[in-house]
Amino acid sequence: MTAVQSITILGSTGSIGASTLDVIARNAGRFRVFALTANNNVDQLAKQCRRFSPKFAVMQDAEAAARLKSSLADTDTRVLAGSDGLEEVATHEEVDCVMAAIVGGIGLAPTYAAVRAGKKVLLANKEALVMAGSLFMQAVAESGCVLLPIDSEHNAMFQCLPVNAVGRFENEDGGGFARIVLTGSGGPFLHTDPARLAEVTPAQACAHPNWQMGQKISVDSATMVNKALELIEACFLFGLPESAIEIMIHPQSIVHSMVQYCDGSVLAQMGNPDMRTPISYCLAWPERIDAGVPALDLATIARLDFHVPDLARFPCLKLGREAIKTGGSAPVILNAANELAVAGFLAGAVRFDQIPAIIAATLDGQPVTGMATLEEVLAADAQARDTAARIIRKITRE
Ligand code: NAD
Ligand code: MG
């Protein structure tokens with residue numbers, strides 16, 4: 001009988017958070033929800049707390065925390081607030097496993113704290129690894145924490161690579177490994193006339209053909225900066241140079257990525273595009289549990305297409321490769337500029353086709369620095385956000 005795992009979900013009200021709770025509910029005997037956290041959605045967090053009875057609930061926003069506290073006054077759930085609260089539930093001695101599913105760079109500090117505390121960390125928050133990859137992987141090695149990738153492509157790579165591949169290739173030969181093929185659907189604008197990208201709305205950008213996701217990652221998928229972030233994520237996660245990773249458009253999102261070996265073998269992980277597959281895989285690893293995902297029906301899908309991406313249509317792919325090759329704070333700058341550009345787009349201030357230009361201009365306008373501590377990462381991030389904000393003000397005035 002497997003011991004019951006005590007779990008903190010950072011970002012439980014989001015798309016990944018909700019899918020995680022769905023898998024937990026299907027496998028109730030194996031997991032206990034220790035803590036749930038959210039930014040400011042009091043109603044949804046209160047509902048989740050009533051259903052899963054966590055010991056702690058954390059709201060980033062203090063005023064929202066006060067409202068949650070009164071809403072849960074008749075329960076045993078203790079309500080905490082702010083970054084200290086997030087860190088407390090990410091590192092608490094009773095916690096075995098932390099699902100890192102906050103969106104954006106704001107998720108870095110509590111995720112890093114969970115790694116340093118030696119927790120089993122399920123990483124959805126790719127921005128954390130993009131920003132602090134070297135530091136993060138060094139902390140993983142030092143604390144001995146188990147780091148499992150939730151991002152579907154990295155989860156696929158993890159399933160197809162030799163065992164214990166996380167952080168491995170930097171120092172060892174890779175067991176016949178040749179290269180990775182990172183697949184991406186190409187998003188909703190794969191065939192849109194580039195001249196029309198100036199007019200697309202947030203609703204159109206968020207209407208992903210295959211995946212139901214939060215707004216930020218949906219826009220990232222439409223610009224394909226998501227694939228650039230994933231390239232960087234894979235480099236850090238497995239200790240690989242960017243040249244070992246090829247990006248391939250695969251519109252059906254059935255093959256979630258592939259690993260090629262020196263003997264000509266190619267291992268692919270396939271499945272319906274449903275994040276409950278990688279989530280359940282990581283929750284139960286090294287076992288497998290029911291995820292509630294329908295069986296893959298290849299006869300109905302009938303065809304799987306692959307082609308190389310058009311870099312003129314998706315300039316963010318080139319920016320991602322350049323950023324990881326440059327190293328230092330370049331990925332931090334790319335990520336920060338993208339977060340601000342996407343927020344501006346969702347708010348109606350920035351045009352969709354301006355997002356890559358804002359990222360490129362921020363990378364040009366911000367010196368790259370080395371980063372040896374979390375404080376240095378956060379300082380580079382803050383500076384890049386200032387630069388990006390200035391560039392956005394200038395672009396949107398024009
Ligand atoms: P989402 O927007 O649906 O949810 C984000 C969660 O983070 C919410 O619970 C929200 O309350 C919390 N949050 C937001 N801002 C916060 C703040 N300032 N402080 C504290 N908490 C805050 O996002 P999502 O789609 O679930 O994505 C979460 C992460 O997982 C992202 O990093 C994304 O790139 C990654 N990811 C998502 C998917 C997917 O299918 N949704 C797939 C792969 C990777
Ligand atoms: Mg992904």
# chains A, B, ... in the order shown; residues from 1 in each chain; ligands from 1

$ residues_near_ligand --ligand "ligand 2" --cutoff "6 Å" --atoms "only C-alpha atoms and all ligand atoms" --output "ChimeraX atom specification"
/A:151-153

$ residues_near_ligand --ligand "ligand 1" --cutoff "8 Å" --atoms "only C-alpha atoms and all ligand atoms" --output "JSON, numbers by chain"
{"A": [10, 11, 12, 13, 14, 15, 16, 17, 18, 37, 38, 39, 40, 41, 59, 60, 61, 82, 83, 86, 100, 101, 102, 103, 104, 106, 107, 123, 124, 125, 126, 127, 128, 150, 151, 152, 211, 212, 213, 214, 215, 216, 217, 218, 226, 274, 275]}

$ residues_around --residues "region 188-205 of chain A" --least-positions-apart "5" --cutoff "12 Å" --atoms "only C-alpha atoms" --output "PDB file with N, CA and C atoms, in the first residue's frame"
ATOM      1  N   ASN A 210      -6.497  23.022 -29.574  1.00  0.00           N
ATOM      2  CA  ASN A 210      -6.460  21.701 -28.925  1.00  0.00           C
ATOM      3  C   ASN A 210      -6.500  21.715 -27.404  1.00  0.00           C
ATOM      4  N   TRP A 211      -5.971  22.777 -26.789  1.00  0.00           N
ATOM      5  CA  TRP A 211      -5.796  22.765 -25.324  1.00  0.00           C
ATOM      6  C   TRP A 211      -6.672  23.833 -24.669  1.00  0.00           C
ATOM      7  N   MET A 213      -6.550  26.218 -21.623  1.00  0.00           N
ATOM      8  CA  MET A 213      -5.495  26.659 -20.704  1.00  0.00           C
ATOM      9  C   MET A 213      -5.817  28.049 -20.181  1.00  0.00           C
ATOM     10  N   GLY A 214      -5.005  28.520 -19.230  1.00  0.00           N
ATOM     11  CA  GLY A 214      -5.128  29.879 -18.741  1.00  0.00           C
ATOM     12  C   GLY A 214      -4.820  30.872 -19.866  1.00  0.00           C
ATOM     13  N   GLN A 215      -5.211  32.132 -19.660  1.00  0.00           N
ATOM     14  CA  GLN A 215      -5.091  33.133 -20.726  1.00  0.00           C
ATOM     15  C   GLN A 215      -3.645  33.395 -21.146  1.00  0.00           C
ATOM     16  N   LYS A 216      -2.739  33.504 -20.161  1.00  0.00           N
ATOM     17  CA  LYS A 216      -1.363  33.898 -20.491  1.00  0.00           C
ATOM     18  C   LYS A 216      -0.715  32.842 -21.388  1.00  0.00           C
ATOM     19  N   ILE A 217      -0.794  31.582 -20.991  1.00  0.00           N
ATOM     20  CA  ILE A 217      -0.150  30.535 -21.803  1.00  0.00           C
ATOM     21  C   ILE A 217      -0.873  30.358 -23.142  1.00  0.00           C
ATOM     22  N   SER A 218      -2.159  30.687 -23.189  1.00  0.00           N
ATOM     23  CA  SER A 218      -2.873  30.595 -24.471  1.00  0.00           C
ATOM     24  C   SER A 218      -2.322  31.627 -25.453  1.00  0.00           C
ATOM     25  N   VAL A 219      -2.107  32.858 -24.986  1.00  0.00           N
ATOM     26  CA  VAL A 219      -1.514  33.881 -25.862  1.00  0.00           C
ATOM     27  C   VAL A 219      -0.077  33.471 -26.227  1.00  0.00           C
ATOM     28  N   ASP A 220       0.653  32.923 -25.235  1.00  0.00           N
ATOM     29  CA  ASP A 220       2.021  32.457 -25.510  1.00  0.00           C
ATOM     30  C   ASP A 220       2.039  31.388 -26.605  1.00  0.00           C
ATOM     31  N   SER A 221       1.007  30.554 -26.628  1.00  0.00           N
ATOM     32  CA  SER A 221       0.949  29.509 -27.655  1.00  0.00           C
ATOM     33  C   SER A 221       0.660  30.125 -29.020  1.00  0.00           C
ATOM     34  N   ALA A 222      -0.126  31.194 -29.025  1.00  0.00           N
ATOM     35  CA  ALA A 222      -0.471  31.840 -30.292  1.00  0.00           C
ATOM     36  C   ALA A 222       0.736  32.546 -30.912  1.00  0.00           C
ATOM     37  N   THR A 223       1.621  33.115 -30.090  1.00  0.00           N
ATOM     38  CA  THR A 223       2.840  33.747 -30.631  1.00  0.00           C
ATOM     39  C   THR A 223       3.964  32.721 -30.789  1.00  0.00           C
ATOM     40  N   MET A 224       3.759  31.560 -30.194  1.00  0.00           N
ATOM     41  CA  MET A 224       4.760  30.491 -30.084  1.00  0.00           C
ATOM     42  C   MET A 224       5.938  30.877 -29.195  1.00  0.00           C
ATOM     43  N   ILE A 249       6.404  21.645 -35.786  1.00  0.00           N
ATOM     44  CA  ILE A 249       4.961  21.893 -35.716  1.00  0.00           C
ATOM     45  C   ILE A 249       4.219  20.569 -35.915  1.00  0.00           C
ATOM     46  N   HIS A 250       3.280  20.331 -34.997  1.00  0.00           N
ATOM     47  CA  HIS A 250       2.452  19.118 -35.071  1.00  0.00           C
ATOM     48  C   HIS A 250       1.033  19.543 -34.686  1.00  0.00           C
ATOM     49  N   PRO A 251       0.221  19.921 -35.699  1.00  0.00           N
ATOM     50  CA  PRO A 251      -1.054  20.594 -35.412  1.00  0.00           C
ATOM     51  C   PRO A 251      -2.039  19.777 -34.571  1.00  0.00           C
ATOM     52  N   GLN A 252      -1.938  18.445 -34.578  1.00  0.00           N
ATOM     53  CA  GLN A 252      -2.941  17.645 -33.865  1.00  0.00           C
ATOM     54  C   GLN A 252      -2.696  17.550 -32.359  1.00  0.00           C
ATOM     55  N   HIS A 307       5.713  19.453 -39.482  1.00  0.00           N
ATOM     56  CA  HIS A 307       6.532  20.249 -40.399  1.00  0.00           C
ATOM     57  C   HIS A 307       7.360  21.260 -39.610  1.00  0.00           C
ATOM     58  N   VAL A 308       8.430  21.738 -40.244  1.00  0.00           N
ATOM     59  CA  VAL A 308       9.300  22.694 -39.532  1.00  0.00           C
ATOM     60  C   VAL A 308       8.598  24.051 -39.472  1.00  0.00           C
ATOM     61  N   PRO A 309       8.794  24.772 -38.353  1.00  0.00           N
ATOM     62  CA  PRO A 309       8.090  26.060 -38.213  1.00  0.00           C
ATOM     63  C   PRO A 309       8.669  27.145 -39.114  1.00  0.00           C
ATOM     64  N   ASP A 310       7.822  28.077 -39.501  1.00  0.00           N
ATOM     65  CA  ASP A 310       8.215  29.224 -40.307  1.00  0.00           C
ATOM     66  C   ASP A 310       8.678  30.327 -39.337  1.00  0.00           C
ATOM     67  N   LEU A 311       9.995  30.588 -39.330  1.00  0.00           N
ATOM     68  CA  LEU A 311      10.551  31.538 -38.354  1.00  0.00           C
ATOM     69  C   LEU A 311      10.143  32.974 -38.634  1.00  0.00           C
ATOM     70  N   ALA A 312       9.757  33.264 -39.866  1.00  0.00           N
ATOM     71  CA  ALA A 312       9.286  34.625 -40.165  1.00  0.00           C
ATOM     72  C   ALA A 312       7.900  34.831 -39.553  1.00  0.00           C
ATOM     73  N   ARG A 313       7.096  33.799 -39.561  1.00  0.00           N
ATOM     74  CA  ARG A 313       5.759  33.882 -38.970  1.00  0.00           C
ATOM     75  C   ARG A 313       5.839  33.885 -37.443  1.00  0.00           C
ATOM     76  N   PHE A 314       6.801  33.145 -36.909  1.00  0.00           N
ATOM     77  CA  PHE A 314       6.931  33.009 -35.452  1.00  0.00           C
ATOM     78  C   PHE A 314       8.319  33.476 -34.991  1.00  0.00           C
ATOM     79  N   PRO A 315       8.573  34.792 -35.007  1.00  0.00           N
ATOM     80  CA  PRO A 315       9.911  35.298 -34.671  1.00  0.00           C
ATOM     81  C   PRO A 315      10.341  34.991 -33.223  1.00  0.00           C
ATOM     82  N   VAL A 342       2.155  40.496 -22.976  1.00  0.00           N
ATOM     83  CA  VAL A 342       0.908  39.719 -22.980  1.00  0.00           C
ATOM     84  C   VAL A 342      -0.143  40.398 -22.102  1.00  0.00           C
ATOM     85  N   ALA A 343       0.281  40.891 -20.932  1.00  0.00           N
ATOM     86  CA  ALA A 343      -0.675  41.604 -20.061  1.00  0.00           C
ATOM     87  C   ALA A 343      -1.228  42.817 -20.805  1.00  0.00           C
ATOM     88  N   GLY A 344      -0.354  43.517 -21.541  1.00  0.00           N
ATOM     89  CA  GLY A 344      -0.789  44.687 -22.310  1.00  0.00           C
ATOM     90  C   GLY A 344      -1.758  44.284 -23.412  1.00  0.00           C
ATOM     91  N   PHE A 345      -1.471  43.171 -24.060  1.00  0.00           N
ATOM     92  CA  PHE A 345      -2.363  42.673 -25.122  1.00  0.00           C
ATOM     93  C   PHE A 345      -3.739  42.305 -24.543  1.00  0.00           C
ATOM     94  N   LEU A 346      -3.721  41.570 -23.423  1.00  0.00           N
ATOM     95  CA  LEU A 346      -4.997  41.150 -22.824  1.00  0.00           C
ATOM     96  C   LEU A 346      -5.806  42.357 -22.344  1.00  0.00           C
ATOM     97  N   ALA A 347      -5.097  43.442 -21.980  1.00  0.00           N
ATOM     98  CA  ALA A 347      -5.782  44.660 -21.509  1.00  0.00           C
ATOM     99  C   ALA A 347      -6.201  45.562 -22.672  1.00  0.00           C
ATOM    100  N   GLY A 348      -5.836  45.184 -23.886  1.00  0.00           N
ATOM    101  CA  GLY A 348      -6.254  45.969 -25.049  1.00  0.00           C
ATOM    102  C   GLY A 348      -5.312  47.113 -25.402  1.00  0.00           C
ATOM    103  N   ALA A 349      -4.142  47.180 -24.742  1.00  0.00           N
ATOM    104  CA  ALA A 349      -3.225  48.300 -24.992  1.00  0.00           C
ATOM    105  C   ALA A 349      -2.180  47.972 -26.064  1.00  0.00           C
ATOM    106  N   VAL A 350      -1.872  46.681 -26.214  1.00  0.00           N
ATOM    107  CA  VAL A 350      -0.808  46.247 -27.132  1.00  0.00           C
ATOM    108  C   VAL A 350      -1.446  45.397 -28.221  1.00  0.00           C
ATOM    109  N   ARG A 351      -1.003  45.577 -29.477  1.00  0.00           N
ATOM    110  CA  ARG A 351      -1.500  44.719 -30.564  1.00  0.00           C
ATOM    111  C   ARG A 351      -0.789  43.365 -30.515  1.00  0.00           C
ATOM    112  N   PHE A 352      -1.459  42.344 -30.982  1.00  0.00           N
ATOM    113  CA  PHE A 352      -0.887  40.998 -30.969  1.00  0.00           C
ATOM    114  C   PHE A 352       0.459  40.953 -31.690  1.00  0.00           C
ATOM    115  N   ASP A 353       0.536  41.611 -32.852  1.00  0.00           N
ATOM    116  CA  ASP A 353       1.766  41.542 -33.655  1.00  0.00           C
ATOM    117  C   ASP A 353       2.895  42.385 -33.048  1.00  0.00           C
ATOM    118  N   GLN A 354       2.593  43.158 -32.000  1.00  0.00           N
ATOM    119  CA  GLN A 354       3.648  43.930 -31.335  1.00  0.00           C
ATOM    120  C   GLN A 354       4.372  43.109 -30.259  1.00  0.00           C
ATOM    121  N   ILE A 355       3.805  41.972 -29.877  1.00  0.00           N
ATOM    122  CA  ILE A 355       4.404  41.200 -28.769  1.00  0.00           C
ATOM    123  C   ILE A 355       5.851  40.799 -29.084  1.00  0.00           C
ATOM    124  N   PRO A 356       6.132  40.168 -30.251  1.00  0.00           N
ATOM    125  CA  PRO A 356       7.540  39.800 -30.528  1.00  0.00           C
ATOM    126  C   PRO A 356       8.461  41.018 -30.601  1.00  0.00           C
TER     127      PRO A 356
END

$ select_by_dssp --residues "region 132-378 of chain A" --states "strand (DSSP E)" --output "PyMOL selection string"
chain A and resi 147-149+177-184+245-249+255-261+266-270

$ atom_distance --atom1 "CA of Phe306 (chain A)" --atom2 "CA of Gly184 (chain A)"
9.5 Å

$ atom_distance --atom1 "CA of Ser134 (chain A)" --atom2 "CA of Leu237 (chain A)"
9.1 Å

$ select_by_dssp --residues "region 59-198 of chain A" --states "alpha helix (DSSP H)" --output "JSON, numbers by chain"
{"A": [62, 63, 64, 65, 66, 67, 68, 69, 70, 71, 82, 83, 84, 85, 86, 87, 88, 89, 90, 91, 108, 109, 110, 111, 112, 113, 114, 115, 116, 126, 127, 128, 129, 130, 131, 132, 133, 134, 135, 136, 137, 138, 139, 140, 141, 142, 143, 152, 153, 154, 155, 156, 157, 158, 159, 160]}

$ atom_distance --atom1 "CA of Arg30 (chain A)" --atom2 "CA of Glu287 (chain A)"
11.6 Å

$ residues_around --residues "Ala380 (chain A)" --least-positions-apart "4" --cutoff "8 Å" --atoms "only C-alpha atoms" --output "NGL selection string"
:A and (329 or 332-333 or 369 or 376 or 384)

$ write_last_selection --atoms "C-alpha atoms" --output "compact mmCIF listing (two decimals), in the first residue's frame"
# COMPACT_ATOMS: atom_id res chain seq x y z
CA SER A 329 19.93 37.03 -17.66
CA VAL A 332 14.90 36.45 -17.69
CA ILE A 333 14.65 39.48 -19.97
CA THR A 369 24.16 40.07 -16.48
CA GLU A 376 20.14 38.65 -8.62
CA ALA A 384 13.77 44.02 -17.47

$ closest_residue --among "A:Met137, A:Val255, A:Val115, A:Leu317" --to "Leu229 (chain A)" --atoms "only C-alpha atoms"
A:Leu317
